[in-house]
Each structure stands twice: as C-alpha cells, then as structure tokens.
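Data from data_3.cif: mmCIF, C-alpha atoms
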data_data
loop_
_atom_site.group_PDB
_atom_site.id
_atom_site.type_symbol
_atom_site.label_atom_id
_atom_site.label_comp_id
_atom_site.auth_asym_id
_atom_site.auth_seq_id
_atom_site.Cartn_x
_atom_site.Cartn_y
_atom_site.Cartn_z
ATOM 1 C CA MET A 1 50.451 124.486 134.458
ATOM 2 C CA GLY A 2 50.180 128.162 133.501
ATOM 3 C CA TYR A 3 47.093 129.783 132.026
ATOM 4 C CA MET A 4 48.648 129.638 128.541
ATOM 5 C CA GLU A 5 48.842 125.825 128.539
ATOM 6 C CA LEU A 6 45.390 125.713 130.138
ATOM 7 C CA ILE A 7 43.957 127.554 127.110
ATOM 8 C CA GLY A 8 45.934 125.219 124.834
ATOM 9 C CA PHE A 9 44.596 122.111 126.558
ATOM 10 C CA VAL A 10 40.991 123.359 126.478
ATOM 11 C CA ALA A 11 41.449 124.034 122.740
ATOM 12 C CA ALA A 12 43.054 120.606 122.299
ATOM 13 C CA ILE A 13 40.189 118.802 124.047
ATOM 14 C CA LEU A 14 37.511 120.711 122.089
ATOM 15 C CA THR A 15 39.003 120.245 118.608
ATOM 16 C CA THR A 16 39.943 116.616 119.310
ATOM 17 C CA ALA A 17 36.474 115.887 120.752
ATOM 18 C CA ALA A 18 34.886 117.281 117.590
ATOM 19 C CA PHE A 19 37.034 115.017 115.389
ATOM 20 C CA LEU A 20 36.534 111.697 117.202
ATOM 21 C CA PRO A 21 32.798 111.243 116.356
ATOM 22 C CA GLN A 22 33.793 111.353 112.665
ATOM 23 C CA VAL A 23 36.211 108.474 113.243
ATOM 24 C CA TYR A 24 33.567 106.554 115.212
ATOM 25 C CA LYS A 25 30.877 107.207 112.584
ATOM 26 C CA THR A 26 33.163 106.026 109.766
ATOM 27 C CA TRP A 27 34.052 102.914 111.741
ATOM 28 C CA LYS A 28 30.387 102.042 112.440
ATOM 29 C CA THR A 29 28.854 102.906 109.059
ATOM 30 C CA LYS A 30 31.873 101.888 106.931
ATOM 31 C CA ASP A 31 30.738 104.762 104.691
ATOM 32 C CA VAL A 32 33.956 106.269 103.346
ATOM 33 C CA SER A 33 32.430 107.690 100.142
ATOM 34 C CA GLY A 34 32.645 111.242 101.471
ATOM 35 C CA LEU A 35 36.315 110.904 102.357
ATOM 36 C CA SER A 36 39.083 111.623 99.888
ATOM 37 C CA LEU A 37 42.217 109.473 100.318
ATOM 38 C CA LEU A 38 44.429 112.213 98.882
ATOM 39 C CA MET A 39 43.001 114.766 101.311
ATOM 40 C CA LEU A 40 43.442 112.379 104.250
ATOM 41 C CA ILE A 41 47.092 111.812 103.322
ATOM 42 C CA ILE A 42 47.728 115.570 102.929
ATOM 43 C CA PHE A 43 46.071 116.117 106.323
ATOM 44 C CA PHE A 44 48.134 113.309 107.903
ATOM 45 C CA ILE A 45 51.437 114.806 106.655
ATOM 46 C CA GLY A 46 50.280 118.230 107.897
ATOM 47 C CA ILE A 47 49.603 116.816 111.372
ATOM 48 C CA ILE A 48 53.131 115.322 111.446
ATOM 49 C CA GLY A 49 54.347 118.860 110.681
ATOM 50 C CA TRP A 50 52.286 120.327 113.568
ATOM 51 C CA LEU A 51 53.596 117.623 115.896
ATOM 52 C CA VAL A 52 57.222 118.471 115.011
ATOM 53 C CA TYR A 53 56.366 122.179 115.421
ATOM 54 C CA GLY A 54 54.786 121.467 118.829
ATOM 55 C CA PHE A 55 58.021 119.799 119.989
ATOM 56 C CA LEU A 56 60.138 122.695 118.665
ATOM 57 C CA LYS A 57 57.835 125.228 120.365
ATOM 58 C CA HIS A 58 57.896 123.202 123.608
ATOM 59 C CA SER A 59 54.111 123.098 123.559
ATOM 60 C CA PRO A 60 52.596 120.233 125.608
ATOM 61 C CA SER A 61 49.048 120.985 124.400
ATOM 62 C CA MET A 62 50.079 120.906 120.718
ATOM 63 C CA ILE A 63 51.980 117.644 121.220
ATOM 64 C CA PHE A 64 48.949 116.152 123.020
ATOM 65 C CA ALA A 65 46.368 117.311 120.449
ATOM 66 C CA ASN A 66 48.381 116.381 117.367
ATOM 67 C CA SER A 67 49.343 112.949 118.714
ATOM 68 C CA ILE A 68 45.668 112.049 119.093
ATOM 69 C CA THR A 69 44.757 113.583 115.723
ATOM 70 C CA LEU A 70 47.645 111.704 114.078
ATOM 71 C CA ILE A 71 46.223 108.396 115.341
ATOM 72 C CA SER A 72 42.659 109.427 114.366
ATOM 73 C CA SER A 73 43.652 110.382 110.828
ATOM 74 C CA ALA A 74 45.741 107.203 110.445
ATOM 75 C CA LEU A 75 42.593 105.244 111.379
ATOM 76 C CA LEU A 76 40.547 107.145 108.766
ATOM 77 C CA ILE A 77 43.179 106.335 106.115
ATOM 78 C CA PHE A 78 43.021 102.666 107.185
ATOM 79 C CA PHE A 79 39.175 102.657 106.975
ATOM 80 C CA LYS A 80 39.251 104.430 103.604
ATOM 81 C CA ILE A 81 41.577 101.793 102.128
ATOM 82 C CA LYS A 82 39.767 98.876 103.784
ATOM 83 C CA TYR A 83 36.162 99.888 102.988
ATOM 84 C CA ARG A 84 36.444 101.575 99.612
ATOM 85 C CA LYS A 85 34.587 99.872 96.807
ATOM 86 C CA MET U 1 61.656 133.221 108.816
ATOM 87 C CA GLY U 2 63.484 130.485 110.739
ATOM 88 C CA TYR U 3 63.165 126.766 110.010
ATOM 89 C CA MET U 4 60.727 126.377 112.919
ATOM 90 C CA GLU U 5 58.150 128.726 111.370
ATOM 91 C CA LEU U 6 58.831 127.145 107.978
ATOM 92 C CA ILE U 7 57.727 123.759 109.377
ATOM 93 C CA GLY U 8 54.728 125.475 110.988
ATOM 94 C CA PHE U 9 53.679 127.124 107.730
ATOM 95 C CA VAL U 10 54.063 123.896 105.731
ATOM 96 C CA ALA U 11 51.883 122.170 108.354
ATOM 97 C CA ALA U 12 49.403 125.066 108.236
ATOM 98 C CA ILE U 13 49.101 124.924 104.439
ATOM 99 C CA LEU U 14 48.683 121.116 104.397
ATOM 100 C CA THR U 15 46.028 120.876 107.133
ATOM 101 C CA THR U 16 44.163 123.937 105.825
ATOM 102 C CA ALA U 17 44.306 122.622 102.238
ATOM 103 C CA ALA U 18 42.788 119.326 103.408
ATOM 104 C CA PHE U 19 39.896 121.146 105.122
ATOM 105 C CA LEU U 20 38.879 123.520 102.309
ATOM 106 C CA PRO U 21 37.529 120.841 99.890
ATOM 107 C CA GLN U 22 35.051 119.840 102.628
ATOM 108 C CA VAL U 23 33.774 123.421 102.791
ATOM 109 C CA TYR U 24 33.571 123.582 98.979
ATOM 110 C CA LYS U 25 31.814 120.204 98.757
ATOM 111 C CA THR U 26 29.234 121.219 101.384
ATOM 112 C CA TRP U 27 28.630 124.499 99.584
ATOM 113 C CA LYS U 28 28.121 122.792 96.188
ATOM 114 C CA THR U 29 26.084 119.768 97.292
ATOM 115 C CA LYS U 30 24.196 121.482 100.128
ATOM 116 C CA ASP U 31 24.418 118.055 101.809
ATOM 117 C CA VAL U 32 24.834 118.804 105.520
ATOM 118 C CA SER U 33 23.342 115.520 106.763
ATOM 119 C CA GLY U 34 26.755 114.182 107.778
ATOM 120 C CA LEU U 35 27.598 117.300 109.772
ATOM 121 C CA SER U 36 26.637 117.676 113.420
ATOM 122 C CA LEU U 37 25.837 121.255 114.503
ATOM 123 C CA LEU U 38 26.952 120.547 118.069
ATOM 124 C CA MET U 39 30.280 119.153 116.869
ATOM 125 C CA LEU U 40 30.803 122.143 114.542
ATOM 126 C CA ILE U 41 30.176 124.570 117.421
ATOM 127 C CA ILE U 42 32.546 122.640 119.742
ATOM 128 C CA PHE U 43 35.167 122.686 116.973
ATOM 129 C CA PHE U 44 34.624 126.438 116.375
ATOM 130 C CA ILE U 45 35.140 127.263 120.075
ATOM 131 C CA GLY U 46 38.235 125.020 120.083
ATOM 132 C CA ILE U 47 39.693 126.915 117.119
ATOM 133 C CA ILE U 48 39.141 130.225 118.966
ATOM 134 C CA GLY U 49 41.150 128.649 121.812
ATOM 135 C CA TRP U 50 43.988 127.684 119.432
ATOM 136 C CA LEU U 51 43.974 131.177 117.940
ATOM 137 C CA VAL U 52 44.338 132.760 121.408
ATOM 138 C CA TYR U 53 47.064 130.201 122.212
ATOM 139 C CA GLY U 54 48.840 131.044 118.926
ATOM 140 C CA PHE U 55 48.923 134.738 119.905
ATOM 141 C CA LEU U 56 50.199 133.891 123.419
ATOM 142 C CA LYS U 57 52.900 131.614 121.946
ATOM 143 C CA HIS U 58 53.835 134.283 119.361
ATOM 144 C CA SER U 59 53.301 131.726 116.626
ATOM 145 C CA PRO U 60 52.655 133.251 113.169
ATOM 146 C CA SER U 61 51.883 129.858 111.600
ATOM 147 C CA MET U 62 49.292 128.993 114.279
ATOM 148 C CA ILE U 63 47.637 132.409 113.925
ATOM 149 C CA PHE U 64 47.570 131.993 110.138
ATOM 150 C CA ALA U 65 46.211 128.427 110.157
ATOM 151 C CA ASN U 66 43.582 128.974 112.834
ATOM 152 C CA SER U 67 42.312 132.222 111.305
ATOM 153 C CA ILE U 68 41.555 130.402 108.053
ATOM 154 C CA THR U 69 40.055 127.411 109.873
ATOM 155 C CA LEU U 70 37.921 129.755 112.000
ATOM 156 C CA ILE U 71 36.402 131.263 108.839
ATOM 157 C CA SER U 72 35.992 127.790 107.254
ATOM 158 C CA SER U 73 34.208 126.359 110.291
ATOM 159 C CA ALA U 74 32.008 129.462 110.594
ATOM 160 C CA LEU U 75 30.971 128.846 106.957
ATOM 161 C CA LEU U 76 30.144 125.194 107.739
ATOM 162 C CA ILE U 77 27.983 126.312 110.687
ATOM 163 C CA PHE U 78 26.224 128.794 108.382
ATOM 164 C CA PHE U 79 25.625 126.068 105.730
ATOM 165 C CA LYS U 80 24.416 123.617 108.368
ATOM 166 C CA ILE U 81 21.814 126.088 109.672
ATOM 167 C CA LYS U 82 20.808 127.263 106.179
ATOM 168 C CA TYR U 83 20.491 123.862 104.479
ATOM 169 C CA ARG U 84 19.256 121.597 107.240
ATOM 170 C CA LYS U 85 15.840 120.058 106.672
#
Go ahead and render the structure in this file as structure tokens.
Amino acid sequence: MGYMELIGFVAAILTTAAFLPQVYKTWKTKDVSGLSLLMLIIFFIGIIGWLVYGFLKHSPSMIFANSITLISSALLIFFKIKYRK
Amino acid sequence: MGYMELIGFVAAILTTAAFLPQVYKTWKTKDVSGLSLLMLIIFFIGIIGWLVYGFLKHSPSMIFANSITLISSALLIFFKIKYRK
C-alpha cells in the first residue's frame, strides 16, 4: 500500500470513528428528535454517490469508508423510522 | 467535466447539504450537549486527511466537498467551545 492510500485509510478510520458513536448513542437512547429523516435520506443517497465514485476512481480507502458509512446511515434511517413518535 | 466528476459533485452536494442544517441548528439553538468535542476534533483531522487525499488523487469533487466540510466542522468545534456549560 502506497503512502497515498495510507493517508486515505487514516482519513477513513478517523471520519468513520467519529460517526459511529452517533449511531451507538441513537441506538441506546432511542432519541431521534434531533435527526431529520429527509436529511438522512439525502445523506444516504450522497454516500451511494461517493461509493460509486470510489469504485470509478479505484480508491480502496473511499470504498472502505463509504461502505461503513452507508451501513451506519441506513441504521440511523431505520432507528429514525422505528423510534419516531 | 466527465461523468465521473459529475457523480462526485452530485455526491459532494448531497452529503454537504445534509451536514449544513446541523451547523445551522447548532448555531441557532446553541445546544451543543449532543456534540462531543473529542469526536469533532477526530472528525476534523480526518477531513484534513481526505482533503490531502483528494489533492493526491486529483479529485476536484473531493477537494470541493472536504473544503466545505472542513469549514463546517471547524464552526462546530468553535460553537462547542463557545457554548459549552
């Protein structure tokens, strides 16, 4: 792995690591009041776009990061629908 | 602009658009209780990594998206420090 993908993977781990506690917190507290379903769906579609772009750019770190974020944001959408009042 | 960068820019606009309401909401409500300073800093460093990676990959859409997100996350860090109790 070259230094370029090393930087990409460090970035991927940092931004993904910062996102996961939000998923965990939402799961534990079931507090989805601060989350907008529309915004989550826009974000989800955007991540699909980044994933496609990562494949086209032959970028392992983008494919890795956006796959995890795609699952995370799908979970948030699921929680939002399940726990909304 | 080829179709690859078109996909990248659509992704950039969608994920950035989903992030900006959070910045606006935090600014208006001054409610930073749900934000973790450590997580914001980890995210900020990660975005710097993605920005560097975007330059190395010669990716205009990554440079565009991560520049805006860098400013947005810097604002959230500023709000978190300013408004925390």
Per residue of chain A within 7 Å of chain U, what are the shortest atom pair and its distance in Å to one decimal, counting all atoms listed in the file, with rows by chain and residue number, as a tab-separated table?
residue	atom	partner	partner_atom	distance
A:Met4	CA	U:Tyr53	CA	6.5
A:Ile7	CA	U:Gly49	CA	6.1
A:Gly8	CA	U:Tyr53	CA	5.7
A:Ala11	CA	U:Gly46	CA	4.3
A:Ala12	CA	U:Gly46	CA	6.9
A:Leu14	CA	U:Gly46	CA	4.8
A:Thr15	CA	U:Phe43	CA	4.8
A:Ala18	CA	U:Met39	CA	5.0
A:Met39	CA	U:Ala18	CA	5.0
A:Ile42	CA	U:Leu14	CA	5.8
A:Phe43	CA	U:Thr15	CA	4.8
A:Gly46	CA	U:Ala11	CA	4.3
A:Ile47	CA	U:Ala11	CA	6.6
A:Gly49	CA	U:Ala11	CA	4.7
A:Trp50	CA	U:Ala11	CA	5.5
A:Tyr53	CA	U:Gly8	CA	5.8
A:Leu56	CA	U:Met4	CA	6.8
(message) Evaluated on this file, the PyMOL selection byres ((chain U and resi 32) around 9) picks out some residues - which ones are they, written as JSON, numbers by chain?
(response) {"U": [26, 29, 30, 31, 33, 34, 35, 36, 76, 79, 80, 81, 83, 84]}
(message) What's the separation between atom CA of Ser73 of chain U and atom CA of Tyr24 of chain U, in Å to one decimal place?
(response)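 Spanning atom CA of Ser73 of chain U to atom CA of Tyr24 of chain U is a straight-line distance of 11.7 Å.
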Let me have the centre and edge lengths of the axis-aligned box enclosing all listed atoms of segment 66-72 of chain U with 4 Å padding on every side, in Å to one decimal, as JSON.
{"center_x": 39.8, "center_y": 129.8, "center_z": 110.0, "size_x": 15.6, "size_y": 12.8, "size_z": 13.6}
Spatial neighbours of Leu75 of chain U, 9 Å, only C-alpha atoms, chain gap at least 5 places, as a short mmCIF file (atom, residue, chain, number, x, y, z; two decimals) with C-alpha atoms, in the coordinates of the input:
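For reference, part.cif as written:
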data_model
loop_
_atom_site.label_atom_id
_atom_site.label_comp_id
_atom_site.auth_asym_id
_atom_site.auth_seq_id
_atom_site.Cartn_x
_atom_site.Cartn_y
_atom_site.Cartn_z
CA VAL U 23 33.77 123.42 102.79
CA TRP U 27 28.63 124.50 99.58
CA LEU U 70 37.92 129.76 112.00
CA LYS U 80 24.42 123.62 108.37
#
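Here atom CA of Met1 of chain U stands at a distance of 10.0 Å from atom CA of Pro60 of chain U.
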(request) Figure out the distance between atom CA of Phe55 of chain A and atom CA of Ile71 of chain A, please, to one decimal in Å. (result)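 Going from atom CA of Ile71 of chain A over to atom CA of Phe55 of chain A, I get 17.1 Å.
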